[in-house]
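Listing of coords-v5.txt; format and content: compact mmCIF, C-alpha atoms (C1' of nucleotides).
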# COMPACT_ATOMS: atom_id res chain seq x y z
CA MET A 160 -14.90 -8.51 -17.80
CA SER A 161 -12.71 -6.94 -20.41
CA THR A 162 -15.08 -8.18 -23.07
CA LEU A 163 -18.05 -6.61 -21.41
CA GLU A 164 -19.71 -3.96 -23.47
CA LEU A 165 -22.30 -1.57 -22.20
CA ALA A 166 -24.98 -0.51 -24.59
CA PRO A 167 -25.37 3.16 -25.31
CA LYS A 168 -28.41 4.87 -23.90
CA GLN A 169 -31.47 5.09 -26.00
CA LYS A 170 -34.64 7.08 -25.86
CA ARG A 171 -37.03 5.76 -23.36
CA PRO A 172 -39.21 3.15 -25.00
CA LYS A 173 -42.69 2.93 -23.70
CA GLY A 174 -43.00 -0.52 -22.25
CA GLU A 175 -39.48 -1.75 -22.75
CA PRO A 176 -36.52 -1.77 -20.41
CA CYS A 177 -34.29 1.26 -20.33
CA CYS A 178 -31.12 -0.55 -21.29
CA GLU A 179 -29.90 -3.35 -23.42
CA PRO A 180 -29.40 -6.58 -21.52
CA VAL A 181 -25.84 -6.94 -20.37
CA VAL A 182 -23.89 -10.13 -19.90
CA TYR A 183 -22.83 -10.81 -16.37
CA PRO A 184 -19.04 -10.84 -16.08
CA GLU A 185 -18.76 -14.35 -14.66
CA ILE A 186 -15.16 -14.79 -15.61
CA GLU A 187 -14.02 -11.91 -13.49
CA ARG A 188 -16.07 -12.82 -10.49
CA GLU A 189 -13.49 -14.94 -8.75
CA HIS A 190 -10.87 -12.37 -9.53
CA ALA A 191 -12.98 -9.64 -7.96
CA GLU A 192 -13.76 -11.77 -4.93
CA ARG A 193 -10.10 -12.55 -4.33
CA MET A 194 -9.09 -8.91 -4.58
CA ALA A 195 -12.05 -7.81 -2.47
CA GLN A 196 -10.96 -10.22 0.24
CA VAL A 197 -7.51 -8.66 0.31
CA ALA A 198 -8.95 -5.13 0.22
CA LYS A 199 -11.32 -5.97 3.03
CA ALA A 200 -8.46 -7.18 5.17
CA LEU A 201 -6.68 -3.89 4.51
CA GLY A 202 -9.84 -1.94 5.21
CA ASP A 203 -9.08 -1.32 8.85
CA PRO A 204 -6.57 1.28 10.05
CA VAL A 205 -4.99 -1.09 12.54
CA ARG A 206 -4.44 -3.80 9.95
CA MET A 207 -3.25 -1.25 7.41
CA GLN A 208 -0.58 -0.10 9.85
CA LEU A 209 0.32 -3.65 10.81
CA VAL A 210 0.95 -4.50 7.18
CA ASP A 211 2.91 -1.32 6.69
CA VAL A 212 5.18 -2.08 9.62
CA LEU A 213 5.75 -5.63 8.44
CA ARG A 214 6.37 -4.49 4.87
CA LYS A 215 8.83 -1.81 5.79
CA HIS A 216 10.66 -4.14 8.10
CA ALA A 217 11.15 -6.66 5.30
CA GLY A 218 11.50 -9.47 7.79
CA LYS A 219 9.81 -11.16 10.68
CA VAL A 220 8.47 -9.06 13.51
CA CYS A 221 7.57 -10.36 16.94
CA VAL A 222 4.00 -9.95 18.14
CA CYS A 223 5.30 -8.50 21.38
CA GLU A 224 6.66 -5.62 19.33
CA LEU A 225 3.45 -5.06 17.45
CA VAL A 226 1.11 -4.97 20.43
CA PRO A 227 2.49 -1.77 22.01
CA LEU A 228 2.09 0.09 18.71
CA PHE A 229 -1.63 0.35 19.39
CA ASN A 230 -3.93 1.27 22.21
CA LEU A 231 -5.47 -2.14 21.95
CA SER A 232 -5.43 -5.28 24.00
CA GLN A 233 -3.13 -8.11 22.99
CA PRO A 234 -6.05 -10.37 21.99
CA THR A 235 -7.36 -7.65 19.70
CA VAL A 236 -4.04 -7.31 17.92
CA SER A 237 -3.89 -11.09 17.68
CA HIS A 238 -7.34 -11.06 16.12
CA HIS A 239 -6.26 -8.55 13.49
CA LEU A 240 -3.18 -10.59 12.69
CA LYS A 241 -5.39 -13.61 12.26
CA LYS A 242 -7.55 -11.75 9.78
CA LEU A 243 -4.50 -10.77 7.79
CA ARG A 244 -3.30 -14.35 7.85
CA GLU A 245 -6.68 -15.61 6.64
CA ALA A 246 -6.49 -13.17 3.74
CA GLY A 247 -3.07 -14.54 2.84
CA ILE A 248 -1.39 -11.20 3.40
CA VAL A 249 0.87 -12.32 6.22
CA GLY A 250 2.38 -15.52 7.50
CA SER A 251 3.63 -16.43 10.94
CA GLU A 252 6.21 -18.59 12.64
CA ARG A 253 6.61 -19.73 16.20
CA GLU A 254 9.97 -19.59 17.91
CA GLY A 255 9.76 -20.71 21.48
CA LEU A 256 7.40 -18.44 23.34
CA TRP A 257 7.34 -15.86 20.58
CA ALA A 258 5.44 -15.55 17.34
CA TYR A 259 6.86 -13.73 14.34
CA TYR A 260 4.81 -12.32 11.49
CA TYR A 261 5.90 -11.39 8.00
CA VAL A 262 4.30 -10.13 4.79
CA LYS A 263 3.64 -12.48 1.89
CA PRO A 264 4.02 -10.11 -1.06
CA ALA A 265 2.18 -12.33 -3.53
CA ALA A 266 -1.15 -11.57 -1.89
CA LEU A 267 -0.74 -7.87 -2.58
CA GLU A 268 0.52 -8.21 -6.11
CA GLU A 269 -2.80 -8.97 -7.74
CA ILE A 270 -4.60 -5.94 -6.36
CA SER A 271 -1.53 -3.80 -6.83
CA GLY A 272 -1.40 -4.72 -10.49
CA TRP A 273 -5.08 -4.08 -10.93
CA LEU A 274 -4.75 -0.63 -9.39
CA SER A 275 -1.95 0.48 -11.67
CA MET B 1147 -6.76 4.26 17.89
CA SER B 1148 -3.16 4.47 18.88
CA THR B 1149 -0.83 7.21 17.79
CA LEU B 1150 1.70 4.49 17.08
CA GLU B 1151 4.32 5.45 19.59
CA LEU B 1152 6.60 2.60 20.48
CA ALA B 1153 6.92 1.78 24.10
CA PRO B 1154 10.24 0.27 25.13
CA LYS B 1155 10.07 -3.49 25.24
CA GLN B 1156 10.13 -5.21 28.56
CA LYS B 1157 12.57 -7.99 28.57
CA ARG B 1158 11.90 -11.26 30.13
CA PRO B 1159 12.87 -11.32 33.80
CA LYS B 1160 15.18 -14.19 33.15
CA GLY B 1161 16.89 -15.12 29.95
CA GLU B 1162 17.14 -13.34 26.69
CA PRO B 1163 15.34 -10.17 25.76
CA CYS B 1164 11.90 -10.76 24.37
CA CYS B 1165 12.22 -9.26 20.95
CA GLU B 1166 14.33 -7.99 18.14
CA PRO B 1167 15.00 -4.25 17.93
CA VAL B 1168 11.89 -2.21 17.82
CA VAL B 1169 10.20 -1.47 14.53
CA TYR B 1170 8.90 1.97 13.88
CA PRO B 1171 5.93 2.69 11.66
CA GLU B 1172 6.50 4.69 8.53
CA ILE B 1173 2.99 5.74 7.85
CA GLU B 1174 1.00 8.02 10.04
CA ARG B 1175 -2.33 7.25 11.56
CA GLU B 1176 -4.24 9.62 9.30
CA HIS B 1177 -2.53 8.24 6.25
CA ALA B 1178 -3.47 4.73 7.29
CA GLU B 1179 -7.04 5.75 8.00
CA ARG B 1180 -7.41 7.35 4.59
CA MET B 1181 -6.05 4.34 2.77
CA ALA B 1182 -8.06 1.97 4.96
CA GLN B 1183 -11.20 3.86 4.05
CA VAL B 1184 -10.51 3.34 0.35
CA ALA B 1185 -9.57 -0.30 0.89
CA LYS B 1186 -12.72 -0.85 2.89
CA ALA B 1187 -14.82 0.56 0.07
CA LEU B 1188 -13.10 -1.86 -2.30
CA GLY B 1189 -13.53 -4.71 0.17
CA ASP B 1190 -16.76 -6.02 -1.30
CA PRO B 1191 -16.93 -8.07 -4.49
CA VAL B 1192 -19.83 -6.05 -5.86
CA ARG B 1193 -18.06 -2.75 -5.37
CA MET B 1194 -14.82 -4.16 -6.70
CA GLN B 1195 -16.60 -5.17 -9.91
CA LEU B 1196 -18.40 -1.85 -10.12
CA VAL B 1197 -15.10 0.00 -9.96
CA ASP B 1198 -13.58 -2.39 -12.45
CA VAL B 1199 -16.39 -1.81 -14.94
CA LEU B 1200 -16.18 1.96 -14.52
CA ARG B 1201 -12.41 1.92 -14.84
CA LYS B 1202 -12.41 -0.20 -17.98
CA HIS B 1203 -14.92 2.02 -19.68
CA ALA B 1204 -12.94 5.13 -18.90
CA GLY B 1205 -16.05 7.24 -19.00
CA LYS B 1206 -19.44 7.65 -17.48
CA VAL B 1207 -21.70 4.63 -17.17
CA CYS B 1208 -25.45 4.75 -16.55
CA VAL B 1209 -26.78 3.14 -13.40
CA CYS B 1210 -29.37 1.31 -15.47
CA GLU B 1211 -26.52 -0.50 -17.17
CA LEU B 1212 -24.81 -1.39 -13.92
CA VAL B 1213 -27.83 -2.85 -12.14
CA PRO B 1214 -28.32 -5.86 -14.46
CA LEU B 1215 -24.67 -6.85 -13.98
CA PHE B 1216 -25.55 -8.20 -10.58
CA ASN B 1217 -28.14 -10.41 -9.07
CA LEU B 1218 -29.08 -7.63 -6.70
CA SER B 1219 -31.94 -5.22 -6.34
CA GLN B 1220 -31.61 -1.73 -7.72
CA PRO B 1221 -31.56 -0.14 -4.22
CA THR B 1222 -28.69 -2.41 -3.23
CA VAL B 1223 -26.60 -1.39 -6.21
CA SER B 1224 -27.44 2.22 -5.46
CA HIS B 1225 -26.26 1.69 -1.92
CA HIS B 1226 -22.92 0.30 -3.10
CA LEU B 1227 -22.46 3.21 -5.47
CA LYS B 1228 -23.11 5.57 -2.59
CA LYS B 1229 -20.41 3.87 -0.53
CA LEU B 1230 -17.95 4.26 -3.38
CA ARG B 1231 -18.92 7.92 -3.71
CA GLU B 1232 -18.44 8.49 0.02
CA ALA B 1233 -14.98 6.99 -0.22
CA GLY B 1234 -14.16 9.41 -3.06
CA ILE B 1235 -13.59 6.58 -5.51
CA VAL B 1236 -16.38 7.50 -7.91
CA GLY B 1237 -18.37 10.55 -8.85
CA SER B 1238 -21.79 10.87 -10.41
CA GLU B 1239 -23.77 13.13 -12.68
CA ARG B 1240 -27.44 13.38 -13.39
CA GLU B 1241 -28.71 13.70 -16.94
CA GLY B 1242 -32.43 13.77 -17.04
CA LEU B 1243 -33.76 10.57 -15.62
CA TRP B 1244 -30.43 8.85 -15.69
CA ALA B 1245 -27.45 8.91 -13.40
CA TYR B 1246 -23.94 8.34 -14.69
CA TYR B 1247 -21.02 7.22 -12.57
CA TYR B 1248 -17.32 7.52 -13.26
CA VAL B 1249 -14.07 6.73 -11.47
CA LYS B 1250 -12.04 9.47 -9.82
CA PRO B 1251 -8.52 8.10 -10.22
CA ALA B 1252 -6.98 10.31 -7.55
CA ALA B 1253 -8.66 8.34 -4.78
CA LEU B 1254 -6.88 5.17 -5.87
CA GLU B 1255 -3.48 6.71 -6.35
CA GLU B 1256 -2.45 6.87 -2.72
CA ILE B 1257 -3.11 3.23 -1.95
CA SER B 1258 -1.78 2.22 -5.34
CA GLY B 1259 1.49 3.97 -4.64
CA TRP B 1260 1.74 2.44 -1.20
CA LEU B 1261 1.24 -1.03 -2.62
CA SER B 1262 3.97 -0.73 -5.22
C1' DA C 1462 -52.13 17.52 -14.96
C1' DT C 1463 -51.26 13.00 -14.61
C1' DT C 1464 -48.86 9.05 -15.28
C1' DC C 1465 -44.60 6.64 -16.06
C1' DC C 1466 -39.80 5.95 -15.37
C1' DA C 1467 -34.93 5.86 -13.24
C1' DT C 1468 -32.84 6.55 -9.15
C1' DA C 1469 -32.31 7.51 -4.19
C1' DT C 1470 -33.66 6.94 0.48
C1' DC C 1471 -35.96 4.62 4.44
C1' DG C 1472 -36.58 0.99 7.75
C1' DA C 1473 -35.85 -3.57 9.12
C1' DA C 1474 -33.69 -8.26 9.52
C1' DG C 1475 -29.84 -10.89 9.89
C1' DA C 1476 -24.92 -11.41 9.42
C1' DA C 1477 -20.37 -9.79 10.25
C1' DC C 1478 -17.09 -6.83 12.56
C1' DT C 1479 -14.35 -4.75 16.56
C1' DT C 1480 -13.42 -4.76 20.99
C1' DC C 1481 -13.13 -6.32 25.56
C1' DT C 1482 -12.32 -9.78 29.62
C1' DA C 1483 -11.44 -14.29 30.85
C1' DT C 1484 -9.18 -18.32 29.90
C1' DA C 1485 -6.54 -21.97 27.50
C1' DC C 1486 -2.24 -23.50 25.53
C1' DG C 1487 2.58 -24.38 25.09
C1' DA C 1488 7.34 -23.29 26.08
C1' DA C 1489 10.86 -22.08 29.42
C1' DC C 1490 12.51 -21.59 34.08
C1' DG C 1491 13.24 -23.08 38.79
C1' DC D 181 6.48 -31.06 39.34
C1' DG D 182 4.52 -25.86 39.54
C1' DT D 183 5.03 -21.17 37.92
C1' DT D 184 5.57 -17.63 34.63
C1' DC D 185 5.52 -15.75 30.22
C1' DG D 186 3.87 -14.84 25.28
C1' DT D 187 0.27 -15.86 22.37
C1' DA D 188 -4.21 -17.71 20.78
C1' DT D 189 -9.01 -18.70 21.49
C1' DA D 190 -13.78 -18.24 23.53
C1' DG D 191 -17.67 -15.67 24.56
C1' DA D 192 -20.20 -11.44 24.88
C1' DA D 193 -21.61 -6.60 23.95
C1' DG D 194 -22.23 -3.05 20.90
C1' DT D 195 -21.63 -1.39 16.32
C1' DT D 196 -21.59 -1.64 11.39
C1' DC D 197 -22.62 -3.96 7.03
C1' DT D 198 -25.48 -6.10 3.32
C1' DT D 199 -29.64 -6.87 1.63
C1' DC D 200 -34.42 -6.43 0.83
C1' DG D 201 -39.23 -4.33 0.05
C1' DA D 202 -41.57 -0.14 0.29
C1' DT D 203 -41.59 4.49 -0.70
C1' DA D 204 -39.97 9.12 -1.97
C1' DT D 205 -38.04 12.22 -5.55
C1' DG D 206 -37.96 14.45 -9.66
C1' DG D 207 -37.66 14.47 -14.76
C1' DA D 208 -40.27 13.09 -19.03
C1' DA D 209 -44.06 11.87 -21.90
C1' DT D 210 -48.87 11.62 -22.77
Write the structure described by the file as structure tokens, please.
Amino acid sequence: MSTLELAPKQKRPKGEPCCEPVVYPEIEREHAERMAQVAKALGDPVRMQLVDVLRKHAGKVCVCELVPLFNLSQPTVSHHLKKLREAGIVGSEREGLWAYYYVKPAALEEISGWLS
Amino acid sequence: MSTLELAPKQKRPKGEPCCEPVVYPEIEREHAERMAQVAKALGDPVRMQLVDVLRKHAGKVCVCELVPLFNLSQPTVSHHLKKLREAGIVGSEREGLWAYYYVKPAALEEISGWLS
DNA sequence: ATTCCATATCGAAGAACTTCTATACGAACG
DNA sequence: CGTTCGTATAGAAGTTCTTCGATATGGAAT
């Protein structure tokens, strides 16, 4: 998409289109879709706070500690964690009865780099 | 949504305590909601590419140049631009028949800072 | 004035999301 | 074994999203 150039505006031609034809940025499409997937996963206040807690903790956090942070049922928190896992933002491990979640920083690096 | 107060963990009736020491959130609910709103607006590939185009051009871009970038109807692109405007990510100006959109960098700074 | 043009809004269809309750699963305890 | 506990999944209800075609809006040109 960096090679994309937008034509300057011209006076309105009678029967012709308003703008020059523009090349679709195919190369950047996968990039945008990957970042949009991550952004979408972060686009919920509950998941945003879940990620923040996991990030600040810089280690694994038990689900049983995450559930009481919200006025939500345990299955709902589990659902949000699953969404974050599907987006590649977090990973999880089982230890006996308990499940521990942690942030996978690589998933956030692409969008973070794009934003800055 | 929860105010993110941490309830004390209940330990298992028998055996070891359920979890590691409690983790406290470092971002407030309103902060998370604001950033989630921006992330949600970016959580669509079309809007992600729209913002990318506007950012790379570092100026105002006519809607008529944005529409042919996508295989979407003009009302759909207009709808996505409206979502970005509602999230504070872009602004728009009218000049005669044409509408020009531009990025408002401040909206991206908060989430950008949080990510890095 | 009237017609044309670029954009925004409306209304609807179908998909996806968030949340719940109920339940299933697997590990640990007795 | 059966029970209990922490977690995940299933199914359903209600809401929100994405997209379209149709139409409205308002500036510009004839």
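Across the model, the gap from CA of Glu187 (chain A) to CA of Ala1233 (chain B) is 23.1 Å.
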Contact residues around region 1175-1179 of chain B with all atoms listed in the file at 12 Å, ignoring same-chain residues under 5 positions, as a CSV table (one decimal) with C-alpha atoms, keeping the file's coordinate frame:
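Everything below was put into out_37.csv:
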chain,number,residue,atom,x,y,z
A,201,LEU,CA,-6.7,-3.9,4.5
A,202,GLY,CA,-9.8,-1.9,5.2
A,203,ASP,CA,-9.1,-1.3,8.8
A,204,PRO,CA,-6.6,1.3,10.0
A,205,VAL,CA,-5.0,-1.1,12.5
A,206,ARG,CA,-4.4,-3.8,10.0
A,207,MET,CA,-3.2,-1.2,7.4
A,208,GLN,CA,-0.6,-0.1,9.8
A,209,LEU,CA,0.3,-3.6,10.8
A,210,VAL,CA,1.0,-4.5,7.2
A,211,ASP,CA,2.9,-1.3,6.7
A,212,VAL,CA,5.2,-2.1,9.6
A,228,LEU,CA,2.1,0.1,18.7
A,229,PHE,CA,-1.6,0.4,19.4
B,1147,MET,CA,-6.8,4.3,17.9
B,1148,SER,CA,-3.2,4.5,18.9
B,1149,THR,CA,-0.8,7.2,17.8
B,1150,LEU,CA,1.7,4.5,17.1
B,1151,GLU,CA,4.3,5.4,19.6
B,1184,VAL,CA,-10.5,3.3,0.4
B,1185,ALA,CA,-9.6,-0.3,0.9
B,1186,LYS,CA,-12.7,-0.8,2.9
B,1233,ALA,CA,-15.0,7.0,-0.2
B,1256,GLU,CA,-2.4,6.9,-2.7
B,1257,ILE,CA,-3.1,3.2,-2.0
B,1260,TRP,CA,1.7,2.4,-1.2
- Task: Would you mind telling me which residue in A:Thr235, A:Leu274, A:Val262, A:Lys219 lies nearest to chain B when using only C-alpha atoms?
- Result: A:Leu274
- Task: Could you please tell me, as a PyMOL selection string, which residues of chain D have an atom within 9 Å of chain B when using all atoms listed in the file?
- Result: chain D and resi 185+198-200+206-208
- Query: For chain C against chain B, which residues fall within 12 Å using only C-alpha atoms (C1' of nucleotides), given as number ranges by chain?
  - Reply: C: 1465-1471, 1479-1480, 1489-1491
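With CA of Ser1238 (chain B) on one side and CA of Cys1208 (chain B) on the other, the separation reads 9.4 Å.
Minimum atom-to-atom distances from A:Val249, A:Asn230, A:Arg214, A:Pro264 to chain B were compared using only C-alpha atoms, and the lowest value belongs to A:Asn230.
Residue nearest chain A, chosen from B:Ile1235, B:Val1213, B:Ala1182, B:Ala1204 and counting all atoms listed in the file: B:Ala1182.
Taking CA of Gly247 (chain A) and CA of Arg1180 (chain B) as the two end points, the separation is 22.4 Å.
Nearest residue to chain A among B:Ala1253, B:Leu1200, B:Pro1214, B:Leu1230 is B:Pro1214, counting only C-alpha atoms.
Between chain A and the residues B:Val1223, B:Lys1229, B:Gly1205, B:Glu1211, the shortest atom-to-atom distance, using all atoms listed in the file, involves B:Glu1211.
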Reconstruct region 236-272 of chain A at the level of N, CA and C atoms, and format the result as a JSON list (two decimals), keeping the file's coordinate frame.
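Saved file out.json follows:
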[["chain", "number", "residue", "atom", "x", "y", "z"],
["A", 236, "VAL", "N", -5.09, -7.31, 18.94],
["A", 236, "VAL", "CA", -4.04, -7.31, 17.92],
["A", 236, "VAL", "C", -3.90, -8.71, 17.32],
["A", 237, "SER", "N", -3.98, -9.71, 18.17],
["A", 237, "SER", "CA", -3.89, -11.09, 17.68],
["A", 237, "SER", "C", -5.03, -11.40, 16.71],
["A", 238, "HIS", "N", -6.19, -10.87, 17.02],
["A", 238, "HIS", "CA", -7.34, -11.06, 16.12],
["A", 238, "HIS", "C", -7.09, -10.41, 14.76],
["A", 239, "HIS", "N", -6.53, -9.21, 14.76],
["A", 239, "HIS", "CA", -6.26, -8.55, 13.49],
["A", 239, "HIS", "C", -5.20, -9.30, 12.69],
["A", 240, "LEU", "N", -4.21, -9.81, 13.38],
["A", 240, "LEU", "CA", -3.18, -10.59, 12.69],
["A", 240, "LEU", "C", -3.78, -11.85, 12.09],
["A", 241, "LYS", "N", -4.73, -12.42, 12.79],
["A", 241, "LYS", "CA", -5.39, -13.61, 12.26],
["A", 241, "LYS", "C", -6.16, -13.29, 10.98],
["A", 242, "LYS", "N", -6.82, -12.15, 10.99],
["A", 242, "LYS", "CA", -7.55, -11.75, 9.78],
["A", 242, "LYS", "C", -6.61, -11.57, 8.60],
["A", 243, "LEU", "N", -5.47, -10.96, 8.85],
["A", 243, "LEU", "CA", -4.50, -10.77, 7.79],
["A", 243, "LEU", "C", -3.96, -12.11, 7.31],
["A", 244, "ARG", "N", -3.79, -13.03, 8.24],
["A", 244, "ARG", "CA", -3.30, -14.35, 7.85],
["A", 244, "ARG", "C", -4.34, -15.07, 7.01],
["A", 245, "GLU", "N", -5.61, -14.95, 7.40],
["A", 245, "GLU", "CA", -6.68, -15.61, 6.64],
["A", 245, "GLU", "C", -6.81, -15.04, 5.23],
["A", 246, "ALA", "N", -6.45, -13.78, 5.07],
["A", 246, "ALA", "CA", -6.49, -13.17, 3.74],
["A", 246, "ALA", "C", -5.24, -13.49, 2.94],
["A", 247, "GLY", "N", -4.30, -14.18, 3.54],
["A", 247, "GLY", "CA", -3.07, -14.54, 2.84],
["A", 247, "GLY", "C", -2.06, -13.43, 2.75],
["A", 248, "ILE", "N", -2.29, -12.35, 3.51],
["A", 248, "ILE", "CA", -1.39, -11.20, 3.40],
["A", 248, "ILE", "C", -0.14, -11.40, 4.25],
["A", 249, "VAL", "N", -0.29, -12.08, 5.35],
["A", 249, "VAL", "CA", 0.87, -12.32, 6.22],
["A", 249, "VAL", "C", 0.97, -13.80, 6.54],
["A", 250, "GLY", "N", 2.15, -14.19, 6.97],
["A", 250, "GLY", "CA", 2.38, -15.52, 7.50],
["A", 250, "GLY", "C", 3.00, -15.38, 8.88],
["A", 251, "SER", "N", 3.09, -16.50, 9.59],
["A", 251, "SER", "CA", 3.63, -16.43, 10.94],
["A", 251, "SER", "C", 4.47, -17.66, 11.23],
["A", 252, "GLU", "N", 5.37, -17.49, 12.17],
["A", 252, "GLU", "CA", 6.21, -18.59, 12.64],
["A", 252, "GLU", "C", 6.31, -18.51, 14.15],
["A", 253, "ARG", "N", 6.42, -19.67, 14.76],
["A", 253, "ARG", "CA", 6.61, -19.73, 16.20],
["A", 253, "ARG", "C", 8.08, -20.01, 16.48],
["A", 254, "GLU", "N", 8.62, -19.29, 17.44],
["A", 254, "GLU", "CA", 9.97, -19.59, 17.91],
["A", 254, "GLU", "C", 9.94, -19.53, 19.42],
["A", 255, "GLY", "N", 9.86, -20.68, 20.02],
["A", 255, "GLY", "CA", 9.76, -20.71, 21.48],
["A", 255, "GLY", "C", 8.47, -20.04, 21.93],
["A", 256, "LEU", "N", 8.59, -19.13, 22.84],
["A", 256, "LEU", "CA", 7.40, -18.44, 23.34],
["A", 256, "LEU", "C", 6.87, -17.45, 22.32],
["A", 257, "TRP", "N", 7.69, -17.01, 21.38],
["A", 257, "TRP", "CA", 7.34, -15.86, 20.58],
["A", 257, "TRP", "C", 6.80, -16.24, 19.22],
["A", 258, "ALA", "N", 5.99, -15.36, 18.68],
["A", 258, "ALA", "CA", 5.44, -15.55, 17.34],
["A", 258, "ALA", "C", 5.91, -14.40, 16.47],
["A", 259, "TYR", "N", 6.34, -14.73, 15.28],
["A", 259, "TYR", "CA", 6.86, -13.73, 14.34],
["A", 259, "TYR", "C", 5.98, -13.70, 13.10],
["A", 260, "TYR", "N", 5.66, -12.50, 12.67],
["A", 260, "TYR", "CA", 4.81, -12.32, 11.49],
["A", 260, "TYR", "C", 5.60, -11.64, 10.38],
["A", 261, "TYR", "N", 5.22, -11.97, 9.15],
["A", 261, "TYR", "CA", 5.90, -11.39, 8.00],
["A", 261, "TYR", "C", 4.90, -11.26, 6.86],
["A", 262, "VAL", "N", 5.18, -10.36, 5.93],
["A", 262, "VAL", "CA", 4.30, -10.13, 4.79],
["A", 262, "VAL", "C", 4.58, -11.16, 3.71],
["A", 263, "LYS", "N", 3.51, -11.63, 3.08],
["A", 263, "LYS", "CA", 3.64, -12.48, 1.89],
["A", 263, "LYS", "C", 3.28, -11.63, 0.68],
["A", 264, "PRO", "N", 4.27, -11.14, -0.03],
["A", 264, "PRO", "CA", 4.02, -10.11, -1.06],
["A", 264, "PRO", "C", 3.08, -10.57, -2.16],
["A", 265, "ALA", "N", 3.00, -11.86, -2.41],
["A", 265, "ALA", "CA", 2.18, -12.33, -3.53],
["A", 265, "ALA", "C", 0.73, -11.91, -3.36],
["A", 266, "ALA", "N", 0.26, -11.88, -2.11],
["A", 266, "ALA", "CA", -1.15, -11.57, -1.89],
["A", 266, "ALA", "C", -1.47, -10.14, -2.31],
["A", 267, "LEU", "N", -0.49, -9.27, -2.24],
["A", 267, "LEU", "CA", -0.74, -7.87, -2.58],
["A", 267, "LEU", "C", -0.51, -7.57, -4.05],
["A", 268, "GLU", "N", 0.14, -8.51, -4.74],
["A", 268, "GLU", "CA", 0.52, -8.21, -6.11],
["A", 268, "GLU", "C", -0.68, -8.11, -7.05],
["A", 269, "GLU", "N", -1.66, -8.97, -6.83],
["A", 269, "GLU", "CA", -2.80, -8.97, -7.74],
["A", 269, "GLU", "C", -3.55, -7.63, -7.68],
["A", 270, "ILE", "N", -3.86, -7.20, -6.49],
["A", 270, "ILE", "CA", -4.60, -5.94, -6.36],
["A", 270, "ILE", "C", -3.72, -4.76, -6.73],
["A", 271, "SER", "N", -2.44, -4.87, -6.45],
["A", 271, "SER", "CA", -1.53, -3.80, -6.83],
["A", 271, "SER", "C", -1.47, -3.65, -8.34],
["A", 272, "GLY", "N", -1.41, -4.78, -9.03],
["A", 272, "GLY", "CA", -1.40, -4.72, -10.49],
["A", 272, "GLY", "C", -2.70, -4.19, -11.06]]
